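To be precise, the following lines are structure.txt, and they hold compact mmCIF, C-alpha atoms.
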```
# COMPACT_ATOMS: atom_id res chain seq x y z
CA ILE N 1 69.80 -128.59 27.07
CA ASP N 2 71.31 -129.67 30.37
CA PHE N 3 71.89 -126.02 31.28
CA LEU N 4 68.29 -125.08 30.40
CA ILE N 5 66.99 -127.88 32.62
CA LYS N 6 69.14 -126.70 35.53
CA GLN N 7 68.03 -123.10 34.92
CA HIS N 8 64.36 -124.16 35.00
CA LYS N 9 64.85 -126.14 38.21
CA SER N 10 66.51 -123.15 39.84
CA ALA N 11 63.69 -120.83 38.76
CA GLU N 12 61.08 -123.25 40.13
CA ALA N 13 62.78 -123.55 43.54
CA SER N 14 61.04 -120.91 45.68
CA TRP N 15 63.79 -121.00 48.33
CA ILE N 16 66.49 -119.86 45.87
CA ARG N 17 66.76 -116.12 45.16
CA HIS N 18 68.07 -115.20 41.71
CA LEU N 19 66.02 -112.09 40.95
CA ASP N 20 66.49 -108.56 42.26
CA ASP N 21 63.84 -107.22 44.63
CA THR N 22 62.78 -104.02 42.89
CA THR N 23 60.73 -102.93 45.91
CA LYS N 24 63.71 -103.02 48.25
CA SER N 25 65.56 -99.80 49.10
CA ARG N 26 69.33 -100.02 49.44
CA ARG N 27 70.96 -99.33 52.78
CA ASN N 28 73.52 -96.58 52.97
CA PHE N 29 76.67 -96.73 55.14
CA PRO N 30 79.37 -94.08 55.71
CA ILE N 31 81.75 -95.65 53.20
CA ILE N 32 83.18 -94.11 50.04
CA LEU N 33 85.16 -96.04 47.41
CA VAL N 34 87.81 -94.30 45.32
CA LEU N 35 89.02 -96.10 42.19
CA ASP N 36 92.46 -94.72 41.40
CA ASN N 37 93.11 -95.23 37.68
CA VAL N 38 91.68 -98.75 37.60
CA ARG N 39 92.19 -99.96 34.04
CA SER N 40 89.60 -102.67 33.44
CA ALA N 41 85.96 -101.76 32.88
CA PHE N 42 85.04 -105.28 33.95
CA ASN N 43 86.79 -104.79 37.30
CA VAL N 44 84.96 -101.49 37.71
CA GLY N 45 81.62 -103.13 36.96
CA SER N 46 82.32 -105.85 39.52
CA ILE N 47 83.25 -103.24 42.12
CA PHE N 48 79.95 -101.42 41.51
CA ARG N 49 78.11 -104.70 42.20
CA THR N 50 80.08 -105.00 45.45
CA ALA N 51 79.43 -101.35 46.32
CA ASP N 52 75.68 -101.87 46.01
CA ALA N 53 75.79 -105.09 48.03
CA THR N 54 77.73 -103.46 50.88
CA GLY N 55 75.80 -100.19 51.06
CA VAL N 56 78.62 -97.93 49.86
CA SER N 57 77.45 -94.31 49.80
CA PHE N 58 79.47 -93.16 46.83
CA VAL N 59 81.99 -94.44 44.26
CA TYR N 60 84.51 -91.88 43.01
CA THR N 61 86.38 -92.84 39.84
CA THR N 62 89.53 -91.02 38.75
CA GLY N 63 91.82 -90.61 35.77
CA ILE N 64 91.63 -93.43 33.22
CA THR N 65 89.10 -95.43 35.24
CA PRO N 66 86.10 -96.41 33.06
CA HIS N 67 82.89 -95.10 34.60
CA PRO N 68 79.12 -95.18 34.08
CA LYS N 69 78.98 -91.65 32.68
CA GLY N 70 81.92 -91.85 30.31
CA ASN N 71 84.46 -94.09 28.63
CA GLY N 72 83.79 -97.81 28.98
CA ARG N 73 80.22 -97.39 30.23
CA GLU N 74 78.93 -100.33 28.16
CA LYS N 75 81.47 -102.78 29.60
CA VAL N 76 80.91 -101.45 33.12
CA ALA N 77 77.17 -101.95 32.75
CA LYS N 78 77.62 -105.48 31.37
CA VAL N 79 79.20 -106.63 34.64
CA ALA N 80 77.49 -104.26 37.09
CA LEU N 81 74.03 -105.42 35.91
CA GLY N 82 72.33 -102.21 36.97
CA ALA N 83 74.33 -101.54 40.13
CA GLU N 84 76.04 -98.64 38.36
CA ARG N 85 72.62 -96.94 38.16
CA VAL N 86 71.77 -97.19 41.87
CA VAL N 87 75.14 -96.44 43.48
CA PRO N 88 75.86 -92.69 43.37
CA THR N 89 79.06 -92.01 41.43
CA ARG N 90 81.29 -89.17 40.34
CA HIS N 91 84.37 -88.92 38.12
CA PHE N 92 87.40 -86.77 38.91
CA ASP N 93 90.33 -85.99 36.61
CA SER N 94 92.83 -87.04 39.28
CA THR N 95 92.89 -88.87 42.61
CA LYS N 96 94.57 -85.85 44.20
CA GLU N 97 91.39 -83.88 43.49
CA VAL N 98 89.40 -86.43 45.48
CA VAL N 99 91.79 -86.26 48.44
CA ASP N 100 91.65 -82.45 48.50
CA PHE N 101 87.87 -82.49 48.14
CA LEU N 102 87.38 -84.87 51.07
CA ARG N 103 89.90 -83.09 53.28
CA ARG N 104 88.00 -79.82 52.88
CA GLY N 105 85.23 -81.25 55.06
CA GLU N 106 87.48 -81.78 58.10
CA GLU N 107 86.68 -78.45 59.73
CA GLY N 108 83.01 -79.37 60.06
CA GLU N 109 81.29 -82.15 61.96
CA LYS N 110 82.28 -84.84 59.51
CA LYS N 111 85.76 -86.26 59.14
CA TRP N 112 86.46 -88.95 56.58
CA THR N 113 89.37 -91.28 57.29
CA LEU N 114 91.29 -92.17 54.12
CA VAL N 115 92.48 -95.77 53.86
CA GLY N 116 94.53 -97.19 51.00
CA MET N 117 94.54 -100.83 49.90
CA GLU N 118 98.15 -101.59 48.97
CA THR N 119 100.89 -104.13 49.66
CA THR N 120 103.74 -102.20 51.32
CA ASP N 121 106.21 -102.63 54.17
CA ARG N 122 104.05 -100.18 56.14
CA SER N 123 100.67 -101.81 55.56
CA LEU N 124 98.49 -103.11 58.37
CA ASP N 125 96.59 -106.37 58.16
CA TYR N 126 93.12 -105.28 56.98
CA THR N 127 91.50 -106.95 59.99
CA SER N 128 93.68 -105.12 62.53
CA LEU N 129 92.48 -101.61 61.68
CA SER N 130 89.42 -100.24 63.47
CA TYR N 131 87.53 -98.52 60.65
CA PRO N 132 85.95 -95.17 61.62
CA GLY N 133 82.25 -94.60 61.04
CA GLY N 134 80.35 -97.37 62.66
CA VAL N 135 76.70 -98.33 62.65
CA VAL N 136 74.31 -97.06 65.28
CA GLU N 137 70.62 -97.82 64.99
CA GLY N 138 68.63 -94.92 63.62
CA ASN N 139 71.76 -93.02 62.57
CA ALA N 140 74.28 -94.66 60.28
CA ILE N 141 71.89 -96.81 58.25
CA SER N 142 69.67 -94.95 55.87
CA THR N 143 67.70 -96.21 52.89
CA THR N 144 67.77 -94.66 49.45
CA THR N 145 66.07 -95.27 46.15
CA SER N 146 68.77 -93.72 43.99
CA SER N 147 68.54 -94.18 40.27
CA SER N 148 70.57 -92.96 37.32
CA SER N 149 67.99 -90.30 36.59
CA SER N 150 68.54 -88.65 39.97
CA LEU N 151 72.30 -88.25 39.53
CA SER N 152 73.74 -85.13 37.96
CA SER N 153 76.27 -85.49 35.18
CA PRO N 154 79.78 -84.03 35.64
CA GLU N 155 78.92 -81.26 33.20
CA GLU N 156 75.75 -80.32 35.11
CA GLU N 157 77.31 -80.13 38.56
CA GLU N 158 80.32 -77.96 39.43
CA THR N 159 80.82 -79.29 42.98
CA PRO N 160 80.09 -82.98 43.64
CA PRO N 161 78.25 -83.80 46.86
CA ILE N 162 79.67 -85.64 49.84
CA PRO N 163 77.34 -88.32 51.26
CA ASN N 164 75.26 -86.86 54.07
CA HIS N 165 76.08 -88.76 57.27
CA ASP N 166 75.98 -87.25 60.74
CA LYS N 167 79.51 -88.39 61.43
CA GLY N 168 82.50 -89.18 59.29
CA GLY N 169 83.32 -92.57 57.89
CA THR N 170 85.85 -94.55 55.90
CA VAL N 171 87.11 -93.83 52.40
CA LEU N 172 88.74 -96.86 50.77
CA PHE N 173 91.21 -96.28 47.92
CA LEU N 174 91.69 -99.08 45.36
CA GLY N 175 94.44 -98.74 42.77
CA ASN N 176 95.49 -99.71 39.27
CA GLU N 177 95.79 -103.44 38.51
CA VAL N 178 99.53 -103.16 37.82
CA SER N 179 100.89 -100.14 39.69
CA GLY N 180 98.40 -100.03 42.57
CA VAL N 181 97.47 -96.84 44.41
CA ASP N 182 99.65 -93.92 43.33
CA THR N 183 102.68 -93.61 45.62
CA ASP N 184 102.15 -89.85 46.03
CA ILE N 185 98.56 -90.50 47.11
CA LEU N 186 99.63 -93.17 49.62
CA GLN N 187 101.68 -90.54 51.43
CA GLU N 188 98.53 -88.47 52.01
CA LEU N 189 96.31 -91.23 53.40
CA ASP N 190 95.64 -91.90 57.07
CA HIS N 191 96.22 -95.66 56.87
CA VAL N 192 97.32 -98.32 54.41
CA VAL N 193 96.04 -101.89 54.75
CA GLU N 194 96.65 -105.15 52.91
CA ILE N 195 95.19 -108.64 52.64
CA PRO N 196 97.68 -111.35 53.68
CA MET N 197 98.86 -113.58 50.83
CA PHE N 198 99.66 -117.27 51.34
CA GLY N 199 100.66 -117.98 47.74
CA SER N 200 103.32 -116.77 45.33
CA LYS N 201 101.34 -113.80 43.97
CA ASN N 202 101.78 -110.42 45.63
CA SER N 203 98.10 -109.50 45.75
CA LEU N 204 94.52 -110.28 44.76
CA ASN N 205 92.76 -108.75 41.78
CA VAL N 206 91.39 -105.32 42.69
CA ALA N 207 87.78 -106.46 42.20
CA ALA N 208 88.42 -109.36 44.59
CA CYS N 209 89.98 -107.08 47.24
CA ALA N 210 87.00 -104.76 47.49
CA PRO N 211 84.42 -107.18 48.97
CA VAL N 212 86.95 -108.70 51.39
CA VAL N 213 87.67 -105.36 53.05
CA LEU N 214 84.17 -103.91 52.76
CA TYR N 215 82.56 -106.87 54.51
CA GLU N 216 85.21 -106.69 57.22
CA ILE N 217 84.22 -103.04 57.78
CA LEU N 218 80.55 -104.00 58.04
CA ARG N 219 81.40 -106.90 60.35
CA GLN N 220 83.26 -104.56 62.70
CA TRP N 221 80.34 -102.14 62.69
CA GLY N 222 77.80 -104.86 63.51
CA ALA N 223 75.87 -104.20 60.32
CA MET N 224 74.87 -107.82 59.79
CA ASP N 225 73.31 -108.06 63.26
CA LEU N 226 71.38 -104.84 62.73
CA LEU N 227 70.22 -105.98 59.30
CA LYS N 228 68.93 -109.23 60.76
CA LYS N 229 67.13 -107.33 63.52
CA ASN N 230 65.50 -104.97 61.01
CA GLU N 231 64.34 -107.89 58.84
CA GLU N 232 62.84 -109.66 61.85
CA GLU N 233 60.96 -106.50 62.83
CA GLU N 234 59.65 -106.07 59.28
CA SER N 235 58.44 -109.67 59.16
CA GLN N 236 56.45 -109.13 62.37
CA GLU N 237 54.63 -106.07 61.05
```

Output the file's structure in the form of structure tokens.
Amino acid sequence: IDFLIKQHKSAEASWIRHLDDTTKSRRNFPIILVLDNVRSAFNVGSIFRTADATGVSFVYTTGITPHPKGNGREKVAKVALGAERVVPTRHFDSTKEVVDFLRRGEEGEKKWTLVGMETTDRSLDYTSLSYPGGVVEGNAISTTTSSSSSLSSPEEEETPPIPNHDKGGTVLFLGNEVSGVDTDILQELDHVVEIPMFGSKNSLNVAACAPVVLYEILRQWGAMDLLKKNEEEESQE
């Protein structure tokens, strides 16, 4: 009963936002997430929530990673709460396929910088890396109204699309909960970053790492300032 009373009070408070705004289009940034054999469907669902919140253009899942169009979809959806339907996604058999796919675009105007999240002797502090891509008004922020119905299934589409940004951006690789990002894949990435640990554990849970680094990327790009400016302009219209 106590919980129901608190829930009612929260619903009655007009200044608290608990419901999704179905009229709002999501903003799109030049960021791609790659989930390298992440084991837990609940972690994957949480990462999809984060991907939507941070305007990630695409989530690529690989190997044993549960995904919205295959194994573990029910558990993913339970945690993602609909985010898995609005964030474009694609599943690959291996992470190496993703690397090769993204590298094929280097000869054109776009160049994606591949960054791994892993605790190694070579890793940079995640705040010390300048993440390529950036936000410039009228260019790097776009709005989409993607839904699950607009996404092709793996069987329907032979070549998955790369997000359409004028310039390249950052691809963030997140690895398995136990073994991390595959060591062979780490050798092929442009940078490896880590979150400093002040306790006895070696690292954070993979679903906890994602928002830390993604919001640092957006902070560096000035996305929050631009978002605030856009909201102020909309309120004046």

Completion exercise
Students should find that CA of Arg39 in chain N and CA of Thr119 in chain N are spaced 18.4 Å

Handout entry: Surrounding residues of range 76-93 of chain N excluding itself and chain neighbours under 6 positions, 7 Å, only C-alpha atoms, as a PyMOL selection string
Key = chain N and resi 41-42+44-46+48-49+52+57-63+67-68+146-148+151

Problem - Distance query Gly169 in chain N at most 7 Å, all atoms listed in the file, self and fewer than 2 positions along chain excluded, as a PyMOL selection string - result: chain N and resi 30-31+111-113+132-133+167+171

Exercise for the section: Can you work out which one of N:Ala51, N:Arg122, N:Asp190, N:Gln7 has the shortest atom-to-atom distance to Val212 in chain N, counting all atoms listed in the file? Expected result: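 Answer, going by the shortest atom-to-atom distance: N:Ala51.
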
Fill in the blank from the handout: Between CA of His191 in chain N and CA of Phe29 in chain N lies a distance of 19.7 Å

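Comparing N:Asn43, N:Lys6, N:Lys96, N:Met224 by their smallest distance to Asn205 in chain N, the closest is N:Asn43 (using all atoms listed in the file).
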
Practice task
Please provide the set of residues having any atom within 12 Å of Tyr126 in chain N, restricted to all atoms listed in the file, with same-chain residues fewer than 4 positions apart removed, written as a PyMOL selection string.
Solution key: chain N and resi 115-119+130-131+172+191-197+209-217+220

Exercise for the section: Using all atoms listed in the file, pick whichever of N:Ser123, N:Ser203, N:Thr183, N:Thr54 has the shortest atom-to-atom distance to Arg219 in chain N. Expected result: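 Under the stated criterion, the closest residue is N:Thr54.
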
Practice task
Could you please determine the separation between CA of Leu35 in chain N and CA of Thr65 in chain N in Å, to one decimal place?
Solution key: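 Those two atoms sit 7.0 Å apart.
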
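Restricting the calculation to all atoms listed in the file, the smallest distance between Ser94 in chain N and any of N:Ser25, N:Ala208, N:Asp225, N:Asn37 is found for N:Asn37.
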
Exercise for the section: Compare N:Leu129, N:Gly70, N:Gly134, N:Arg103 by their minimum atom-to-atom distance to Ala223 in chain N, counting all atoms listed in the file, and give me the closest one. Expected result: N:Gly134

Mind working out the centre and edge lengths of an axis-aligned box for range 182-186 of chain N, all listed atoms inside, 4 Å added to each side, rounded to one decimal in Å and written as lines of an AutoDock Vina configuration file?
```
center_x = 100.6
center_y = -91.9
center_z = 46.5
size_x = 12.1
size_y = 12.1
size_z = 14.3
```

Exercise for the section: Would you list the contacts of Val99 in chain N as an MDAnalysis selection string, taking every protein, DNA or RNA residue within 10 Å and counting only C-alpha atoms, but skipping same-chain residues closer than 2 positions in sequence? Expected result: chainID N and resid 34 94:97 101:104 114 171 185 188:189
